[in-house]
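Trainee: My structure file work_19.cif, mmCIF, C-alpha atoms, is below:
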```
data_input
#
loop_
_atom_site.group_PDB
_atom_site.id
_atom_site.type_symbol
_atom_site.label_atom_id
_atom_site.label_comp_id
_atom_site.auth_asym_id
_atom_site.auth_seq_id
_atom_site.Cartn_x
_atom_site.Cartn_y
_atom_site.Cartn_z
ATOM 1 C CA MET O 1 20.283 41.986 -58.310
ATOM 2 C CA LYS O 2 17.007 40.433 -59.349
ATOM 3 C CA ASN O 3 15.742 37.352 -57.512
ATOM 4 C CA HIS O 4 18.709 37.750 -55.216
ATOM 5 C CA ASP O 5 17.149 36.143 -52.190
ATOM 6 C CA SER O 6 14.902 33.679 -54.000
ATOM 7 C CA HIS O 7 14.853 30.123 -52.808
ATOM 8 C CA ILE O 8 16.251 27.355 -54.997
ATOM 9 C CA THR O 9 14.328 24.086 -54.840
ATOM 10 C CA SER O 10 16.740 21.171 -55.131
ATOM 11 C CA TYR O 11 16.448 18.520 -57.854
ATOM 12 C CA ALA O 12 15.995 15.859 -55.180
ATOM 13 C CA LEU O 13 13.034 17.660 -53.613
ATOM 14 C CA ASN O 14 11.372 18.045 -57.033
ATOM 15 C CA LEU O 15 11.803 14.322 -57.639
ATOM 16 C CA LYS O 16 10.388 13.436 -54.212
ATOM 17 C CA VAL O 17 7.358 15.660 -54.825
ATOM 18 C CA LEU O 18 6.738 13.908 -58.151
ATOM 19 C CA LEU O 19 6.920 10.475 -56.491
ATOM 20 C CA VAL O 20 4.395 11.522 -53.845
ATOM 21 C CA LEU O 21 2.079 12.874 -56.566
ATOM 22 C CA LEU O 22 2.341 9.632 -58.541
ATOM 23 C CA ILE O 23 1.593 7.545 -55.447
ATOM 24 C CA LEU O 24 -1.481 9.708 -54.740
ATOM 25 C CA THR O 25 -2.624 9.275 -58.358
ATOM 26 C CA MET O 26 -2.280 5.489 -58.077
ATOM 27 C CA THR O 27 -4.187 5.614 -54.783
ATOM 28 C CA SER O 28 -7.088 7.522 -56.308
ATOM 29 C CA ILE O 29 -7.288 5.086 -59.251
ATOM 30 C CA LEU O 30 -7.283 2.074 -56.900
ATOM 31 C CA VAL O 31 -9.736 3.662 -54.472
ATOM 32 C CA ILE O 32 -12.242 4.327 -57.235
ATOM 33 C CA LYS O 33 -11.838 0.783 -58.578
ATOM 34 C CA PHE O 34 -13.041 -0.525 -55.219
ATOM 35 C CA HIS O 35 -16.336 1.360 -55.628
ATOM 36 C CA LEU O 36 -16.821 2.827 -52.204
ATOM 37 C CA GLY O 37 -20.250 4.087 -53.183
ATOM 38 C CA ALA O 38 -21.168 7.538 -51.971
ATOM 39 C CA TYR O 39 -17.677 8.105 -50.607
ATOM 40 C CA THR O 40 -15.972 7.651 -53.987
ATOM 41 C CA VAL O 41 -16.573 11.200 -55.223
ATOM 42 C CA ALA O 42 -15.644 12.745 -51.881
ATOM 43 C CA LEU O 43 -12.477 10.659 -51.607
ATOM 44 C CA ALA O 44 -11.413 11.446 -55.185
ATOM 45 C CA LEU O 45 -11.903 15.163 -54.532
ATOM 46 C CA ILE O 46 -9.987 15.013 -51.245
ATOM 47 C CA LEU O 47 -7.066 13.249 -52.958
ATOM 48 C CA ALA O 48 -7.125 15.822 -55.796
ATOM 49 C CA SER O 49 -7.103 18.624 -53.220
ATOM 50 C CA ILE O 50 -4.092 17.110 -51.465
ATOM 51 C CA LYS O 51 -2.282 16.877 -54.814
ATOM 52 C CA THR O 52 -3.192 20.490 -55.588
ATOM 53 C CA THR O 53 -1.814 21.643 -52.241
ATOM 54 C CA ILE O 54 1.447 19.786 -52.858
ATOM 55 C CA VAL O 55 1.845 21.293 -56.357
ATOM 56 C CA LEU O 56 1.078 24.793 -55.044
ATOM 57 C CA THR O 57 3.444 24.440 -52.088
ATOM 58 C CA TYR O 58 6.494 22.911 -53.756
ATOM 59 C CA PHE O 59 6.322 23.133 -57.564
ATOM 60 C CA MET O 60 4.831 26.634 -57.478
ATOM 61 C CA HIS O 61 7.176 27.625 -54.615
ATOM 62 C CA LEU O 62 4.442 29.052 -52.399
ATOM 63 C CA LYS O 63 6.253 27.686 -49.360
ATOM 64 C CA PHE O 64 9.110 30.041 -50.073
ATOM 65 C CA GLU O 65 7.086 33.080 -51.200
ATOM 66 C CA ASN O 66 6.323 36.137 -49.108
ATOM 67 C CA LEU O 67 3.320 36.269 -46.815
ATOM 68 C CA ILE O 68 1.223 38.598 -49.005
ATOM 69 C CA LEU O 69 1.266 36.206 -51.940
ATOM 70 C CA ARG O 70 0.436 33.232 -49.724
ATOM 71 C CA LEU O 71 -2.469 35.114 -48.164
ATOM 72 C CA MET O 72 -3.712 36.096 -51.640
ATOM 73 C CA VAL O 73 -3.715 32.498 -52.840
ATOM 74 C CA GLY O 74 -5.367 31.283 -49.628
ATOM 75 C CA GLY O 75 -7.975 34.030 -49.858
ATOM 76 C CA VAL O 76 -8.856 33.236 -53.456
ATOM 77 C CA PHE O 77 -9.317 29.536 -52.717
ATOM 78 C CA LEU O 78 -11.472 30.463 -49.720
ATOM 79 C CA LEU O 79 -13.564 32.737 -51.970
ATOM 80 C CA PHE O 80 -13.950 29.911 -54.466
ATOM 81 C CA ALA O 81 -15.074 27.521 -51.710
ATOM 82 C CA ILE O 82 -17.649 30.074 -50.506
ATOM 83 C CA ILE O 83 -18.978 30.486 -54.056
ATOM 84 C CA ILE O 84 -19.414 26.696 -54.383
ATOM 85 C CA VAL O 85 -21.252 26.476 -51.049
ATOM 86 C CA ILE O 86 -23.544 29.408 -51.890
ATOM 87 C CA THR O 87 -24.291 27.978 -55.345
ATOM 88 C CA PHE O 88 -25.308 24.666 -53.815
ATOM 89 C CA ILE O 89 -27.408 26.297 -51.128
ATOM 90 C CA ASP O 90 -29.190 28.141 -53.921
ATOM 91 C CA TYR O 91 -29.573 24.950 -55.933
ATOM 92 C CA TYR O 92 -30.924 22.754 -53.138
ATOM 93 C CA PHE O 93 -33.277 25.241 -51.458
ATOM 94 C CA ARG O 94 -34.651 26.856 -54.565
ATOM 95 C CA MET Y 1 26.413 43.598 -64.948
ATOM 96 C CA SER Y 2 26.760 47.365 -64.772
ATOM 97 C CA THR Y 3 24.139 48.291 -62.242
ATOM 98 C CA THR Y 4 23.840 51.094 -59.787
ATOM 99 C CA GLU Y 5 22.226 50.868 -56.392
ATOM 100 C CA HIS Y 6 19.081 52.435 -57.804
ATOM 101 C CA SER Y 7 18.554 50.117 -60.768
ATOM 102 C CA GLU Y 8 19.215 47.049 -58.644
ATOM 103 C CA HIS Y 9 16.453 48.151 -56.350
ATOM 104 C CA SER Y 10 13.918 48.800 -59.101
ATOM 105 C CA GLU Y 11 14.694 45.470 -60.802
ATOM 106 C CA TYR Y 12 13.993 43.652 -57.567
ATOM 107 C CA ILE Y 13 10.599 45.340 -57.211
ATOM 108 C CA ASP Y 14 9.791 44.491 -60.798
ATOM 109 C CA SER Y 15 10.387 40.781 -60.223
ATOM 110 C CA GLU Y 16 8.111 40.598 -57.195
ATOM 111 C CA THR Y 17 5.250 42.512 -58.792
ATOM 112 C CA GLY Y 18 5.713 40.622 -62.047
ATOM 113 C CA LYS Y 19 5.190 37.371 -60.225
ATOM 114 C CA MET Y 20 2.194 38.759 -58.352
ATOM 115 C CA GLY Y 21 0.654 39.831 -61.665
ATOM 116 C CA MET Y 22 1.044 36.282 -62.933
ATOM 117 C CA TRP Y 23 -0.713 34.947 -59.843
ATOM 118 C CA LEU Y 24 -3.595 37.401 -60.366
ATOM 119 C CA PHE Y 25 -3.962 36.014 -63.874
ATOM 120 C CA LEU Y 26 -3.906 32.461 -62.496
ATOM 121 C CA PHE Y 27 -6.769 33.431 -60.145
ATOM 122 C CA THR Y 28 -8.913 34.398 -63.137
ATOM 123 C CA GLU Y 29 -8.083 30.994 -64.655
ATOM 124 C CA LEU Y 30 -9.205 29.307 -61.450
ATOM 125 C CA PHE Y 31 -12.606 30.960 -61.747
ATOM 126 C CA LEU Y 32 -12.848 30.235 -65.468
ATOM 127 C CA PHE Y 33 -12.507 26.495 -64.833
ATOM 128 C CA GLY Y 34 -14.142 26.758 -61.401
ATOM 129 C CA GLY Y 35 -17.377 27.934 -62.998
ATOM 130 C CA LEU Y 36 -17.358 24.896 -65.260
ATOM 131 C CA PHE Y 37 -16.697 22.601 -62.288
ATOM 132 C CA ILE Y 38 -19.761 24.045 -60.561
ATOM 133 C CA VAL Y 39 -21.868 23.385 -63.688
ATOM 134 C CA TYR Y 40 -20.493 19.829 -63.713
ATOM 135 C CA ALA Y 41 -21.346 19.335 -60.024
ATOM 136 C CA VAL Y 42 -24.916 20.591 -60.375
ATOM 137 C CA MET Y 43 -25.539 18.555 -63.531
ATOM 138 C CA ARG Y 44 -24.046 15.466 -61.928
ATOM 139 C CA SER Y 45 -26.409 15.730 -58.957
ATOM 140 C CA LYS Y 46 -29.299 16.240 -61.377
ATOM 141 C CA TYR Y 47 -28.457 13.478 -63.901
ATOM 142 C CA GLY Y 48 -26.474 11.004 -61.759
ATOM 143 C CA GLU Y 49 -27.508 7.873 -63.655
ATOM 144 C CA GLU Y 50 -26.924 9.345 -67.118
ATOM 145 C CA PHE Y 51 -23.536 10.788 -66.110
ATOM 146 C CA HIS Y 52 -22.581 7.335 -64.822
ATOM 147 C CA HIS Y 53 -23.494 5.725 -68.122
ATOM 148 C CA ALA Y 54 -21.794 8.367 -70.270
ATOM 149 C CA ALA Y 55 -18.572 8.365 -68.210
ATOM 150 C CA LEU Y 56 -18.120 4.641 -68.953
ATOM 151 C CA GLU Y 57 -17.546 5.685 -72.558
ATOM 152 C CA LEU Y 58 -14.295 7.487 -71.643
ATOM 153 C CA ASN Y 59 -10.994 5.640 -71.680
ATOM 154 C CA ALA Y 60 -9.618 5.815 -68.130
ATOM 155 C CA PHE Y 61 -6.289 4.367 -69.262
ATOM 156 C CA ILE Y 62 -5.590 7.284 -71.625
ATOM 157 C CA GLY Y 63 -6.735 9.663 -68.886
ATOM 158 C CA ALA Y 64 -4.363 8.068 -66.375
ATOM 159 C CA THR Y 65 -1.474 8.101 -68.874
ATOM 160 C CA ASN Y 66 -2.027 11.806 -69.503
ATOM 161 C CA THR Y 67 -2.118 12.447 -65.748
ATOM 162 C CA VAL Y 68 1.307 10.839 -65.324
ATOM 163 C CA VAL Y 69 2.618 12.697 -68.411
ATOM 164 C CA LEU Y 70 1.516 16.068 -67.008
ATOM 165 C CA LEU Y 71 2.844 15.346 -63.514
ATOM 166 C CA VAL Y 72 6.271 14.410 -64.896
ATOM 167 C CA SER Y 73 6.266 17.475 -67.167
ATOM 168 C CA SER Y 74 5.465 19.618 -64.142
ATOM 169 C CA MET Y 75 8.552 18.246 -62.434
ATOM 170 C CA THR Y 76 10.816 18.795 -65.457
ATOM 171 C CA VAL Y 77 9.716 22.426 -65.765
ATOM 172 C CA ALA Y 78 10.253 22.967 -62.020
ATOM 173 C CA MET Y 79 13.713 21.386 -62.370
ATOM 174 C CA SER Y 80 14.516 23.617 -65.350
ATOM 175 C CA LEU Y 81 13.946 26.624 -63.101
ATOM 176 C CA THR Y 82 16.282 25.083 -60.521
ATOM 177 C CA ALA Y 83 18.876 24.616 -63.280
ATOM 178 C CA ILE Y 84 18.617 28.284 -64.336
ATOM 179 C CA GLN Y 85 18.967 29.416 -60.736
ATOM 180 C CA LYS Y 86 22.051 27.217 -60.377
ATOM 181 C CA ASN Y 87 23.468 28.682 -63.611
ATOM 182 C CA GLN Y 88 23.179 25.487 -65.676
ATOM 183 C CA PRO Y 89 21.495 26.817 -68.848
ATOM 184 C CA LYS Y 90 22.256 23.690 -70.905
ATOM 185 C CA LEU Y 91 20.518 21.446 -68.404
ATOM 186 C CA ALA Y 92 17.657 23.952 -68.216
ATOM 187 C CA MET Y 93 17.218 23.784 -71.999
ATOM 188 C CA ILE Y 94 17.211 19.975 -71.961
ATOM 189 C CA LEU Y 95 14.587 19.973 -69.198
ATOM 190 C CA ILE Y 96 12.358 22.499 -71.003
ATOM 191 C CA PHE Y 97 12.700 20.397 -74.140
ATOM 192 C CA CYS Y 98 11.600 17.311 -72.152
ATOM 193 C CA THR Y 99 8.569 19.295 -70.939
ATOM 194 C CA LEU Y 100 7.705 20.192 -74.549
ATOM 195 C CA LEU Y 101 8.063 16.549 -75.588
ATOM 196 C CA LEU Y 102 5.702 15.495 -72.802
ATOM 197 C CA ALA Y 103 3.246 18.204 -73.883
ATOM 198 C CA GLY Y 104 3.455 16.622 -77.349
ATOM 199 C CA VAL Y 105 2.702 13.177 -75.900
ATOM 200 C CA PHE Y 106 -0.276 14.638 -74.052
ATOM 201 C CA MET Y 107 -1.636 16.208 -77.248
ATOM 202 C CA MET Y 108 -1.077 13.010 -79.215
ATOM 203 C CA ASN Y 109 -3.087 11.038 -76.642
ATOM 204 C CA LYS Y 110 -5.831 13.661 -76.870
ATOM 205 C CA TYR Y 111 -5.762 13.347 -80.673
ATOM 206 C CA PHE Y 112 -6.403 9.590 -80.462
ATOM 207 C CA GLU Y 113 -9.032 10.090 -77.771
ATOM 208 C CA TYR Y 114 -10.966 12.746 -79.675
ATOM 209 C CA GLY Y 115 -10.489 10.775 -82.892
ATOM 210 C CA HIS Y 116 -12.156 7.758 -81.297
ATOM 211 C CA LYS Y 117 -15.097 9.898 -80.132
ATOM 212 C CA PHE Y 118 -15.484 11.424 -83.583
ATOM 213 C CA ALA Y 119 -15.399 7.967 -85.176
ATOM 214 C CA LEU Y 120 -18.336 7.044 -82.924
ATOM 215 C CA HIS Y 121 -20.024 10.323 -83.981
ATOM 216 C CA LEU Y 122 -19.884 11.475 -80.379
ATOM 217 C CA TYR Y 123 -19.315 15.198 -80.762
ATOM 218 C CA PRO Y 124 -21.494 18.225 -80.054
ATOM 219 C CA GLY Y 125 -24.138 18.647 -82.728
ATOM 220 C CA SER Y 126 -23.889 15.157 -84.250
ATOM 221 C CA ASP Y 127 -27.018 13.108 -84.921
ATOM 222 C CA VAL Y 128 -25.874 10.356 -82.552
ATOM 223 C CA MET Y 129 -25.375 12.800 -79.715
ATOM 224 C CA ARG Y 130 -28.627 14.652 -80.355
ATOM 225 C CA ASN Y 131 -30.551 11.420 -79.770
ATOM 226 C CA LEU Y 132 -28.870 10.644 -76.438
ATOM 227 C CA PRO Y 133 -30.692 11.261 -73.141
ATOM 228 C CA HIS Y 134 -30.381 14.851 -71.927
ATOM 229 C CA GLY Y 135 -27.938 14.048 -69.106
ATOM 230 C CA GLU Y 136 -25.542 12.260 -71.474
ATOM 231 C CA ILE Y 137 -25.590 15.231 -73.855
ATOM 232 C CA MET Y 138 -24.667 17.406 -70.861
ATOM 233 C CA PHE Y 139 -21.829 15.054 -69.896
ATOM 234 C CA PHE Y 140 -20.261 14.918 -73.352
ATOM 235 C CA GLY Y 141 -20.812 18.650 -73.825
ATOM 236 C CA LEU Y 142 -18.964 19.357 -70.587
ATOM 237 C CA TYR Y 143 -16.328 16.760 -71.465
ATOM 238 C CA PHE Y 144 -15.517 18.456 -74.766
ATOM 239 C CA LEU Y 145 -15.726 21.972 -73.324
ATOM 240 C CA MET Y 146 -13.536 21.297 -70.289
ATOM 241 C CA THR Y 147 -10.914 19.075 -71.920
ATOM 242 C CA GLY Y 148 -10.940 21.312 -75.021
ATOM 243 C CA LEU Y 149 -10.355 24.447 -72.965
ATOM 244 C CA HIS Y 150 -7.640 22.592 -71.072
ATOM 245 C CA LEU Y 151 -6.063 21.436 -74.338
ATOM 246 C CA PHE Y 152 -6.019 25.054 -75.492
ATOM 247 C CA HIS Y 153 -4.080 25.888 -72.319
ATOM 248 C CA VAL Y 154 -1.612 23.086 -73.079
ATOM 249 C CA VAL Y 155 -1.023 24.603 -76.535
ATOM 250 C CA VAL Y 156 -0.535 28.117 -75.084
ATOM 251 C CA GLY Y 157 1.779 26.697 -72.408
ATOM 252 C CA GLY Y 158 3.767 24.908 -75.114
ATOM 253 C CA ILE Y 159 4.197 28.155 -77.068
ATOM 254 C CA LEU Y 160 5.221 29.977 -73.882
ATOM 255 C CA LEU Y 161 7.789 27.299 -73.010
ATOM 256 C CA THR Y 162 9.190 27.403 -76.571
ATOM 257 C CA ILE Y 163 9.737 31.172 -76.202
ATOM 258 C CA ILE Y 164 11.415 30.558 -72.840
ATOM 259 C CA LEU Y 165 13.610 27.844 -74.367
ATOM 260 C CA LEU Y 166 14.770 30.261 -77.082
ATOM 261 C CA LYS Y 167 15.449 32.992 -74.511
ATOM 262 C CA VAL Y 168 17.512 30.632 -72.363
ATOM 263 C CA TRP Y 169 19.427 29.666 -75.496
ATOM 264 C CA SER Y 170 20.111 33.299 -76.408
ATOM 265 C CA GLY Y 171 21.074 34.078 -72.814
ATOM 266 C CA LYS Y 172 18.254 36.549 -72.204
ATOM 267 C CA ILE Y 173 17.034 34.287 -69.439
ATOM 268 C CA ASN Y 174 19.931 33.604 -67.082
ATOM 269 C CA GLN Y 175 20.837 33.175 -63.439
ATOM 270 C CA GLU Y 176 20.013 36.833 -62.749
ATOM 271 C CA HIS Y 177 16.926 37.323 -64.921
ATOM 272 C CA PHE Y 178 14.436 34.502 -64.955
ATOM 273 C CA LEU Y 179 11.081 36.147 -64.223
ATOM 274 C CA LEU Y 180 9.592 34.986 -67.545
ATOM 275 C CA HIS Y 181 10.867 31.474 -66.870
ATOM 276 C CA GLU Y 182 9.306 31.531 -63.396
ATOM 277 C CA ASN Y 183 5.956 32.786 -64.709
ATOM 278 C CA GLY Y 184 5.958 30.317 -67.606
ATOM 279 C CA ALA Y 185 6.573 27.504 -65.115
ATOM 280 C CA LEU Y 186 3.698 28.785 -62.938
ATOM 281 C CA TYR Y 187 1.405 28.682 -65.981
ATOM 282 C CA TRP Y 188 2.464 25.128 -66.786
ATOM 283 C CA HIS Y 189 1.795 24.040 -63.198
ATOM 284 C CA LEU Y 190 -1.698 25.538 -63.497
ATOM 285 C CA VAL Y 191 -2.316 23.375 -66.575
ATOM 286 C CA ASP Y 192 -1.289 20.413 -64.428
ATOM 287 C CA LEU Y 193 -3.510 21.514 -61.515
ATOM 288 C CA ILE Y 194 -6.613 21.717 -63.721
ATOM 289 C CA TRP Y 195 -5.965 18.227 -65.071
ATOM 290 C CA ILE Y 196 -5.586 16.905 -61.492
ATOM 291 C CA PHE Y 197 -9.305 17.699 -61.081
ATOM 292 C CA LEU Y 198 -10.475 16.912 -64.618
ATOM 293 C CA PHE Y 199 -9.064 13.373 -64.555
ATOM 294 C CA PRO Y 200 -10.978 11.977 -61.549
ATOM 295 C CA LEU Y 201 -14.177 13.915 -62.289
ATOM 296 C CA LEU Y 202 -14.497 12.932 -65.962
ATOM 297 C CA TYR Y 203 -12.604 9.651 -66.307
ATOM 298 C CA LEU Y 204 -12.488 7.913 -62.925
ATOM 299 C CA ILE Y 205 -15.835 8.500 -61.246
ATOM 300 C CA THR Y 206 -18.423 6.552 -63.208
#
```
Give the structure from this file in structure tokens form.
Mentor:
Amino acid sequence: MKNHDSHITSYALNLKVLLVLLILTMTSILVIKFHLGAYTVALALILASIKTTIVLTYFMHLKFENLILRLMVGGVFLLFAIIIVITFIDYYFR
Amino acid sequence: MSTTEHSEHSEYIDSETGKMGMWLFLFTELFLFGGLFIVYAVMRSKYGEEFHHAALELNAFIGATNTVVLLVSSMTVAMSLTAIQKNQPKLAMILIFCTLLLAGVFMMNKYFEYGHKFALHLYPGSDVMRNLPHGEIMFFGLYFLMTGLHLFHVVVGGILLTIILLKVWSGKINQEHFLLHENGALYWHLVDLIWIFLFPLLYLIT
């Protein structure tokens, strides 16, 4: 049978994840309203990254997927991070 | 279901690889938007002052509303998958319909937002925009490109979810076969993920 052993995320967990995401959104709006100067961009990006991780883990079921898929996703994000770093090295030391 | 040992096995394989294929596609989407984020980052460090001034033009309230709309729609689509897995197709259909409604709200907000920009003649190629400082042209260009590309993904996601809704209704998607539903939900979550970054970068940080 297809998807025989797949994990079922409960309605309650989905709702809890949404509440956490909404709280994080409110936090990022408030944080940026306080104008923390140079830290604003960094903080906004950190909060967005946390939200992304939560969506990937729970809504996109990565927590319950097999190891290969999780490694693939992790690897691609790592590759993306490396590309950003290399681009900025190129940009600043050109 | 009339299935033999063999067909059960091959169907299982199909589901796993089908999902992996969807993830591979999502990776290409990450790099499509990722490239644009890198352009945004470089331009922001180059034209900090002009980006600051141009970003004030955007309506953070509409941006925040759309963030909440997409987050809630992400939950309803995730719940619809739960409903299918628990063999509650009616509830699944209601939840997919809610997701489609929220997608409609998102697009309506975008319509008003773009409409306002067009009324101010702030669109690529307009005389007003051509006379702006270079950094502001870059900001609005990136704004229209990134949100426009994202909006296109919302439309595609909406079409995909409509197909899924019809297949749940006809029984083709059910407790045993829901790969398309799973992949459609993954796509919708990606649309949400992209917006999670677009919102602070374009609307919040000024």
Trainee: Within 9 Å of chain O, which residues of chain Y are there when counting only C-alpha atoms? Please give them as a count of residues only.
Mentor: 57
Trainee: Rounded to one decimal in Å, what is the spacing between CA of Tyr123 in chain Y and CA of Met138 in chain Y?
Mentor: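 For CA of Tyr123 in chain Y relative to CA of Met138 in chain Y, the distance reads 11.5 Å.
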Trainee: CA of Asn59 in chain Y and CA of Leu102 in chain Y are how many Å apart?
Mentor: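 Distance reported for this atom pair: 19.4 Å.
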Trainee: Taking all atoms listed in the file into account, which of Y:Gly158, Y:Gly18, Y:Gly48, Y:Gly171 comes nearest Cys98 in chain Y?
Mentor: Y:Gly158
Trainee: What does the structure give for the distance between CA of Arg130 in chain Y and CA of Leu151 in chain Y, in Å to one decimal?
Mentor: 24.3 Å
Trainee: Each side padded by 8 Å, which centre and which edge lengths in Å (one decimal) define the axis-aligned box around the listed atoms of range 50-58 of chain O? Give them as lines of an AutoDock Vina configuration file.
Mentor:
```
center_x = 1.2
center_y = 20.8
center_z = -53.9
size_x = 26.6
size_y = 23.9
size_z = 20.9
```
Trainee: Find the residue from Y:Leu101, Y:Leu160, Y:Leu32, Y:Ile137 that sits nearest to Val69 in chain Y; use only C-alpha atoms when measuring.
Mentor: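 Closest to Val69 in chain Y of all the choices is Y:Leu101.
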Trainee: For each of Y:Val154, Y:Leu166, Y:Ile84, Y:Leu202, take the minimum atom-to-atom distance to Tyr187 in chain Y, counting only C-alpha atoms, then give the residue where this is smallest.
Mentor: Y:Val154
Trainee: Once the PyMOL selection byres ((chain Y and resi 93) around 12) has been evaluated on this model, what residues remain selected, and can you format them as a ChimeraX atom specification?
Mentor: /Y:76-77,79-84,87-92,94-100,161-171,173-174,181
Trainee: What's the 7 Å shell around Tyr203 in chain Y, counting all atoms listed in the file, without same-chain residues fewer than 3 positions away, as a list in words?
Mentor: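 Within the cut-off, the hits are Ala55, Leu58, Asn59, Ala60, Gly63, Phe199 and Pro200 of chain Y.
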